[in-house]
Amino acid sequence: MAPSWAVIIENVSKVYPGEVRALDGVSITIAGGEWIAVMGPSGSGKTTLLNILDGLDKPTSGRAEVQGVNLAHLMPDDAATFRREHIGLVFQQFHLIPYLTAIENVMLAQYYHSMVDRRQALGVLESVGMEARAHHLPAQLSGGEQQRVCIARALVNEPEIILADEPTGNLDEANEEKVLEIFHRLHKEGKTIIVVTHDREMGQQAQRVVMMQHGRITCG
Amino acid sequence: MLLRMVVKSLLRSHRTTLWVLASLTLCSAMAVMFATMSMEAEGKMTHELRRMGANAVVYDEASAGSAHAGKDATAARWEQLQKSCGRCGAMLLLLTARIGLVRKAPIALVQADAGGLASMTSYWSVSGRRPSHAGECLVGGKAAKLLSLQTGSTLDVEWPGSGSAASLSVVGIFDSGDEDEDRVFVTSLDLSGARHASGKLPPGHRPLPEPLLHGGQVNCLSCHRDGVPKQSRHEGEGDSSSASRSKIEAMPIEYALLSVPGGEGAILRIAGELEAEGAGLAVKPLRQITHGESAVLYRIRLLTGLALAAVMALSVMGVAAAMLARIRERRKELALLHALGGTRRSVAAFLMCEGAALGLVAALGGFIAGNVLSAFVMQLVFRASAPPRLLAFLAGLVATLVVVLLVSAVASSRALKLDPAMALRGE
């Protein structure tokens, strides 16, 4: 039986002003429920690929289809709608709103998705071991804790795809393990996970590693 | 959630918030102050301007030309006028005029209360002084020139028909820029005996010289002479005017000066009231005065309007600088809202809500500050209080919201131009 593709990237290029070619004819398909690690040196185009997959950026050419939707042709607001329905984003720098508590940061994603549900938000925080710190501001949390809040925010709307950009890049070993545990659980739950990372350990945990260099996929 | 975000984000960047609030509060306070001032000060100014003297003249249309006009009817008409004046706080000065002969030339002598005349005609330029008792007179510039009179001259007046005469001392000559200048003003002149007189013109009588005949539109005597003869001519058709004219000139004419607060509009209201009541009195504004007042009030309004516009422009600049700086500081936060699925409209709405919240707080603060300021200024300038007015609050609220929403719209458009992917990368 043919797999159902979560992501189909066909000959995608991204050229920034000044003829900076971030992606150069990239093609890749990712099946639903697959855990992919995208690795490569800095400037190889990993984050650009991720931004095209979440609709924050548009390819200059090629086809970028996620969950059956070609993101290349979406207007910014349609891309935002697509993102809140299908994608959960995890950032290296967490990007929590500094004046909102942990639970409010999670509820913010609910607010833009549909409606806020404090109990559900608390449940998601509990699933990442952060229920005790739900009412703390980001500045009162450690890096690992902030990352877990960031993951909770990505999960609260139950997206099919998790896109993570260096999720363990700013974490110590103990916190890295906790994050990996969460990703394992999400993988078991059938989520499609695409992780951009420099971390070999993180890469080894993934089902497939895609290597990139100079805007091209060199392996995987 | 939106409200919580708005409040928390404003509290978080409290320095910028305070700066924006201060600018907006200043803008609101100025708008409240100018609104209060324009509402209060206009009334106060018109009262102040009333100190300058009369701004309207009233003449008795009903009895004009009728030598047998009923004394009671005339008195009733003036009483009606007094009531109308009382209702709008206008001052009234009744004057009685009669044609006398000076060196065989007819001239209008007007009797008026000295104090009343001084307050109603304070804008006159008087060389010498005003008459203070019987036997003294103040001569209009045109009349003085025609009769070659100077301060200190003696004016011998004959009353046509009665054969009596009076000798007056010229104590001052005035310029009013109006048709009053062809008259002689006295404080006490016994005209009661002449009221019903219909004597003949003395020998040597000649028609009024041109300058004395053609006053302006508000010259009671001119109106009298222009309006009444219709009846006189009708009565004495074919008969040349000399007999009728002699009656008119022997008859005293009553008219009044009015000082009406509220300018030309208020004068026209009184005129309308009297016309509706069929009082038979014609009220005409002294155009020079009312136009002067209107010009002063217009300039005051223009000045306050320009000052308010300047304050609003400065506020826009101050608030815009702070809010745009705030947008730059919050690039990542706004990019994150996009990343979490916020549409352009929802992100703009968030920023507009922040602006509106600041505007509402500033409008309240500005209302309080504006009232304190306007009370202070009103006390300083007019020695009068200025009660808080809802309309002034609304003016402040509108001014503040206009400023803040304008700036928020600019800030939002900047925020919407952000590339969220780049902002999240920190580029």
# chains A, B, ... in the order shown; residues from 1 in each chain; ligands from 1
call {"tool": "closest_atom_pairs", "arguments": {"of": "chain A", "to": "chain B", "cutoff": "8 Å", "atoms": "only C-alpha atoms", "output": "Markdown table"}}
result
| residue | atom | partner | partner_atom | distance |
| --- | --- | --- | --- | --- |
| A:Asn51 | CA | B:Ala421 | CA | 6.6 |
| A:Leu56 | CA | B:Ala421 | CA | 5.6 |
| A:Asp57 | CA | B:Ala421 | CA | 6.4 |
| A:Pro76 | CA | B:Thr343 | CA | 7.7 |
| A:Asp77 | CA | B:Thr343 | CA | 5.0 |
| A:Ala79 | CA | B:Gly341 | CA | 8.0 |
| A:Ala80 | CA | B:Gly341 | CA | 4.3 |
| A:Thr81 | CA | B:Gly341 | CA | 5.6 |
| A:Phe82 | CA | B:Gly341 | CA | 7.6 |
| A:Arg83 | CA | B:Gly341 | CA | 5.7 |
| A:Arg84 | CA | B:Gly341 | CA | 4.5 |
| A:Leu89 | CA | B:Ala339 | CA | 7.8 |
| A:His95 | CA | B:Leu336 | CA | 7.0 |
| A:Ile97 | CA | B:Glu333 | CA | 6.4 |
| A:Tyr99 | CA | B:Lys8 | CA | 6.0 |
| A:Leu100 | CA | B:Lys8 | CA | 7.3 |
| A:Leu108 | CA | B:Met1 | CA | 7.4 |
| A:Ala109 | CA | B:Leu340 | CA | 5.8 |
| A:Tyr111 | CA | B:Met1 | CA | 7.0 |
| A:Tyr112 | CA | B:Gly342 | CA | 5.7 |
| A:His113 | CA | B:Gly341 | CA | 6.9 |
| A:Val116 | CA | B:Met1 | CA | 7.7 |
call {"tool": "write_last_selection", "arguments": {"atoms": "N, CA, C and O atoms", "output": "PDB file, in the first residue's frame"}}
result
ATOM      1  N   ASN A  51      11.085  26.805   6.932  1.00  0.00           N
ATOM      2  CA  ASN A  51      10.185  27.961   6.784  1.00  0.00           C
ATOM      3  C   ASN A  51       9.263  27.821   5.577  1.00  0.00           C
ATOM      4  O   ASN A  51       8.150  28.341   5.587  1.00  0.00           O
ATOM      5  N   LEU A  56       5.857  30.136   6.338  1.00  0.00           N
ATOM      6  CA  LEU A  56       6.346  31.474   6.706  1.00  0.00           C
ATOM      7  C   LEU A  56       7.137  32.078   5.552  1.00  0.00           C
ATOM      8  O   LEU A  56       7.305  33.277   5.467  1.00  0.00           O
ATOM      9  N   ASP A  57       7.644  31.208   4.679  1.00  0.00           N
ATOM     10  CA  ASP A  57       8.412  31.668   3.524  1.00  0.00           C
ATOM     11  C   ASP A  57       7.861  30.962   2.289  1.00  0.00           C
ATOM     12  O   ASP A  57       7.231  29.905   2.410  1.00  0.00           O
ATOM     13  N   PRO A  76      -0.477  35.233   2.486  1.00  0.00           N
ATOM     14  CA  PRO A  76       0.010  35.169   3.870  1.00  0.00           C
ATOM     15  C   PRO A  76      -1.063  34.757   4.887  1.00  0.00           C
ATOM     16  O   PRO A  76      -0.790  33.950   5.780  1.00  0.00           O
ATOM     17  N   ASP A  77      -2.276  35.303   4.748  1.00  0.00           N
ATOM     18  CA  ASP A  77      -3.322  34.957   5.725  1.00  0.00           C
ATOM     19  C   ASP A  77      -3.775  33.507   5.576  1.00  0.00           C
ATOM     20  O   ASP A  77      -4.091  32.840   6.565  1.00  0.00           O
ATOM     21  N   ALA A  79      -1.839  31.122   4.508  1.00  0.00           N
ATOM     22  CA  ALA A  79      -0.732  30.348   5.064  1.00  0.00           C
ATOM     23  C   ALA A  79      -0.827  30.305   6.589  1.00  0.00           C
ATOM     24  O   ALA A  79      -0.569  29.264   7.207  1.00  0.00           O
ATOM     25  N   ALA A  80      -1.228  31.446   7.190  1.00  0.00           N
ATOM     26  CA  ALA A  80      -1.383  31.494   8.651  1.00  0.00           C
ATOM     27  C   ALA A  80      -2.489  30.538   9.092  1.00  0.00           C
ATOM     28  O   ALA A  80      -2.337  29.813  10.087  1.00  0.00           O
ATOM     29  N   THR A  81      -3.575  30.539   8.337  1.00  0.00           N
ATOM     30  CA  THR A  81      -4.684  29.640   8.666  1.00  0.00           C
ATOM     31  C   THR A  81      -4.238  28.180   8.540  1.00  0.00           C
ATOM     32  O   THR A  81      -4.535  27.354   9.414  1.00  0.00           O
ATOM     33  N   PHE A  82      -3.519  27.900   7.473  1.00  0.00           N
ATOM     34  CA  PHE A  82      -3.013  26.537   7.269  1.00  0.00           C
ATOM     35  C   PHE A  82      -2.113  26.124   8.439  1.00  0.00           C
ATOM     36  O   PHE A  82      -2.219  25.016   8.964  1.00  0.00           O
ATOM     37  N   ARG A  83      -1.252  27.059   8.835  1.00  0.00           N
ATOM     38  CA  ARG A  83      -0.283  26.781   9.897  1.00  0.00           C
ATOM     39  C   ARG A  83      -0.990  26.440  11.203  1.00  0.00           C
ATOM     40  O   ARG A  83      -0.645  25.496  11.896  1.00  0.00           O
ATOM     41  N   ARG A  84      -1.983  27.235  11.548  1.00  0.00           N
ATOM     42  CA  ARG A  84      -2.615  26.990  12.854  1.00  0.00           C
ATOM     43  C   ARG A  84      -3.446  25.707  12.845  1.00  0.00           C
ATOM     44  O   ARG A  84      -3.694  25.117  13.887  1.00  0.00           O
ATOM     45  N   LEU A  89       4.945  24.452  15.766  1.00  0.00           N
ATOM     46  CA  LEU A  89       6.317  24.942  15.585  1.00  0.00           C
ATOM     47  C   LEU A  89       7.084  24.936  16.905  1.00  0.00           C
ATOM     48  O   LEU A  89       6.586  25.396  17.931  1.00  0.00           O
ATOM     49  N   HIS A  95      10.986  31.468  21.763  1.00  0.00           N
ATOM     50  CA  HIS A  95      10.047  32.527  21.354  1.00  0.00           C
ATOM     51  C   HIS A  95       8.760  32.523  22.174  1.00  0.00           C
ATOM     52  O   HIS A  95       7.653  32.495  21.623  1.00  0.00           O
ATOM     53  N   ILE A  97       6.200  34.521  24.645  1.00  0.00           N
ATOM     54  CA  ILE A  97       5.880  35.945  24.873  1.00  0.00           C
ATOM     55  C   ILE A  97       6.280  36.265  26.322  1.00  0.00           C
ATOM     56  O   ILE A  97       5.780  35.634  27.258  1.00  0.00           O
ATOM     57  N   TYR A  99       5.714  38.538  28.526  1.00  0.00           N
ATOM     58  CA  TYR A  99       4.814  39.052  29.561  1.00  0.00           C
ATOM     59  C   TYR A  99       3.632  38.113  29.840  1.00  0.00           C
ATOM     60  O   TYR A  99       2.762  38.448  30.620  1.00  0.00           O
ATOM     61  N   LEU A 100       3.638  36.962  29.179  1.00  0.00           N
ATOM     62  CA  LEU A 100       2.577  35.978  29.445  1.00  0.00           C
ATOM     63  C   LEU A 100       3.163  34.796  30.203  1.00  0.00           C
ATOM     64  O   LEU A 100       4.321  34.412  29.970  1.00  0.00           O
ATOM     65  N   LEU A 108      -2.306  31.087  24.020  1.00  0.00           N
ATOM     66  CA  LEU A 108      -2.211  32.012  22.883  1.00  0.00           C
ATOM     67  C   LEU A 108      -2.385  31.256  21.556  1.00  0.00           C
ATOM     68  O   LEU A 108      -3.064  31.717  20.640  1.00  0.00           O
ATOM     69  N   ALA A 109      -1.768  30.068  21.504  1.00  0.00           N
ATOM     70  CA  ALA A 109      -1.917  29.246  20.289  1.00  0.00           C
ATOM     71  C   ALA A 109      -3.375  28.804  20.137  1.00  0.00           C
ATOM     72  O   ALA A 109      -3.896  28.761  19.022  1.00  0.00           O
ATOM     73  N   TYR A 111      -5.901  30.525  21.206  1.00  0.00           N
ATOM     74  CA  TYR A 111      -6.649  31.733  20.837  1.00  0.00           C
ATOM     75  C   TYR A 111      -6.643  31.942  19.321  1.00  0.00           C
ATOM     76  O   TYR A 111      -7.673  32.228  18.719  1.00  0.00           O
ATOM     77  N   TYR A 112      -5.469  31.745  18.718  1.00  0.00           N
ATOM     78  CA  TYR A 112      -5.398  31.955  17.269  1.00  0.00           C
ATOM     79  C   TYR A 112      -5.994  30.784  16.492  1.00  0.00           C
ATOM     80  O   TYR A 112      -6.388  30.938  15.331  1.00  0.00           O
ATOM     81  N   HIS A 113      -6.069  29.613  17.146  1.00  0.00           N
ATOM     82  CA  HIS A 113      -6.634  28.440  16.469  1.00  0.00           C
ATOM     83  C   HIS A 113      -8.163  28.458  16.512  1.00  0.00           C
ATOM     84  O   HIS A 113      -8.832  28.371  15.500  1.00  0.00           O
ATOM     85  N   VAL A 116      -9.854  29.606  23.623  1.00  0.00           N
ATOM     86  CA  VAL A 116      -8.961  29.194  24.708  1.00  0.00           C
ATOM     87  C   VAL A 116      -9.670  28.205  25.636  1.00  0.00           C
ATOM     88  O   VAL A 116     -10.864  28.315  25.883  1.00  0.00           O
TER      89      VAL A 116
END
call {"tool": "residues_around", "arguments": {"residues": "region 144-147 of chain A", "least_positions_apart": "2", "cutoff": "7 Å", "atoms": "only C-alpha atoms", "output": "PyMOL selection string"}}
result
chain A and resi 94+138+141-142+149-151+171+175
call {"tool": "residues_around", "arguments": {"residues": "region 28-34 of chain A", "least_positions_apart": "2", "cutoff": "6 Å", "atoms": "only C-alpha atoms", "output": "list in words"}}
result
Ser4, Trp5, Ala6, Val7, Ile8, Ile9, Gly190, Lys191 and Thr192 of chain A
call {"tool": "residues_around", "arguments": {"residues": "region 196-202 of chain A", "least_positions_apart": "5", "cutoff": "10 Å", "atoms": "only C-alpha atoms", "output": "list in words"}}
result
Ile36, Ala37, Val38, Met39, Gly40, Pro41, Ser42, Lys46, Thr47, Leu49, Leu50, Phe91, Gln92, Leu163, Ala164, Asp165, Glu166, Pro167, Thr168, Gly169, Glu176, Glu177, Val179, Leu180, Phe183, Val209 and Val210 of chain A
call {"tool": "closest_residue", "arguments": {"among": "A:Glu85, A:Glu160, A:Asp24, A:Glu126", "to": "Ser114 (chain A)", "atoms": "only C-alpha atoms"}}
result
A:Glu85
call {"tool": "residues_around", "arguments": {"residues": "Leu122 (chain A)", "least_positions_apart": "3", "cutoff": "10 Å", "atoms": "only C-alpha atoms", "output": "PDB file with C-alpha atoms, in the first residue's frame"}}
result
ATOM      1  CA  ALA A 102       3.610  29.532  30.600  1.00  0.00           C
ATOM      2  CA  ILE A 103      -0.047  28.567  30.452  1.00  0.00           C
ATOM      3  CA  GLU A 104      -0.977  31.856  28.759  1.00  0.00           C
ATOM      4  CA  VAL A 106       0.040  27.871  25.432  1.00  0.00           C
ATOM      5  CA  MET A 107      -3.417  29.465  25.433  1.00  0.00           C
ATOM      6  CA  ASP A 117      -9.396  26.197  27.021  1.00  0.00           C
ATOM      7  CA  ARG A 118      -7.417  26.559  30.216  1.00  0.00           C
ATOM      8  CA  ARG A 119      -7.961  22.938  31.264  1.00  0.00           C
ATOM      9  CA  LEU A 125       1.710  21.394  30.041  1.00  0.00           C
ATOM     10  CA  GLU A 126       1.282  18.369  32.293  1.00  0.00           C
ATOM     11  CA  SER A 127       2.193  16.085  29.371  1.00  0.00           C
ATOM     12  CA  MET A 130       5.440  21.653  33.232  1.00  0.00           C
ATOM     13  CA  GLU A 131       2.157  21.807  35.135  1.00  0.00           C
ATOM     14  CA  ALA A 132       3.888  22.991  38.312  1.00  0.00           C
ATOM     15  CA  ALA A 134       2.245  26.849  34.533  1.00  0.00           C
ATOM     16  CA  HIS A 135       1.884  30.251  36.134  1.00  0.00           C
ATOM     17  CA  ALA A 152       3.363  22.338  24.718  1.00  0.00           C
ATOM     18  CA  VAL A 156      -1.997  22.182  22.089  1.00  0.00           C
TER      19      VAL A 156
END
call {"tool": "atom_distance", "arguments": {"atom1": "CA of Met352 (chain B)", "atom2": "CA of Ser408 (chain B)"}}
result
5.5 Å
call {"tool": "atom_distance", "arguments": {"atom1": "CA of Glu275 (chain B)", "atom2": "CA of Arg77 (chain B)"}}
result
11.4 Å
call {"tool": "residues_around", "arguments": {"residues": "Leu92 (chain B)", "least_positions_apart": "2", "cutoff": "8 Å", "atoms": "only C-alpha atoms", "output": "MDAnalysis selection string"}}
result
chainID B and resid 82 85 90 94 256:259
call {"tool": "write_last_selection", "arguments": {"atoms": "C-alpha atoms", "output": "PDB file, in the first residue's frame"}}
result
ATOM      1  CA  GLN B  82     -37.321  95.760  27.858  1.00  0.00           C
ATOM      2  CA  CYS B  85     -33.822  92.381  26.553  1.00  0.00           C
ATOM      3  CA  ALA B  90     -29.147  92.655  26.877  1.00  0.00           C
ATOM      4  CA  LEU B  94     -33.682 104.735  25.612  1.00  0.00           C
ATOM      5  CA  ALA B 256     -32.926 102.820  21.823  1.00  0.00           C
ATOM      6  CA  LEU B 257     -29.414 101.482  21.855  1.00  0.00           C
ATOM      7  CA  LEU B 258     -29.001  97.808  22.684  1.00  0.00           C
ATOM      8  CA  SER B 259     -26.021  95.882  23.909  1.00  0.00           C
TER       9      SER B 259
END
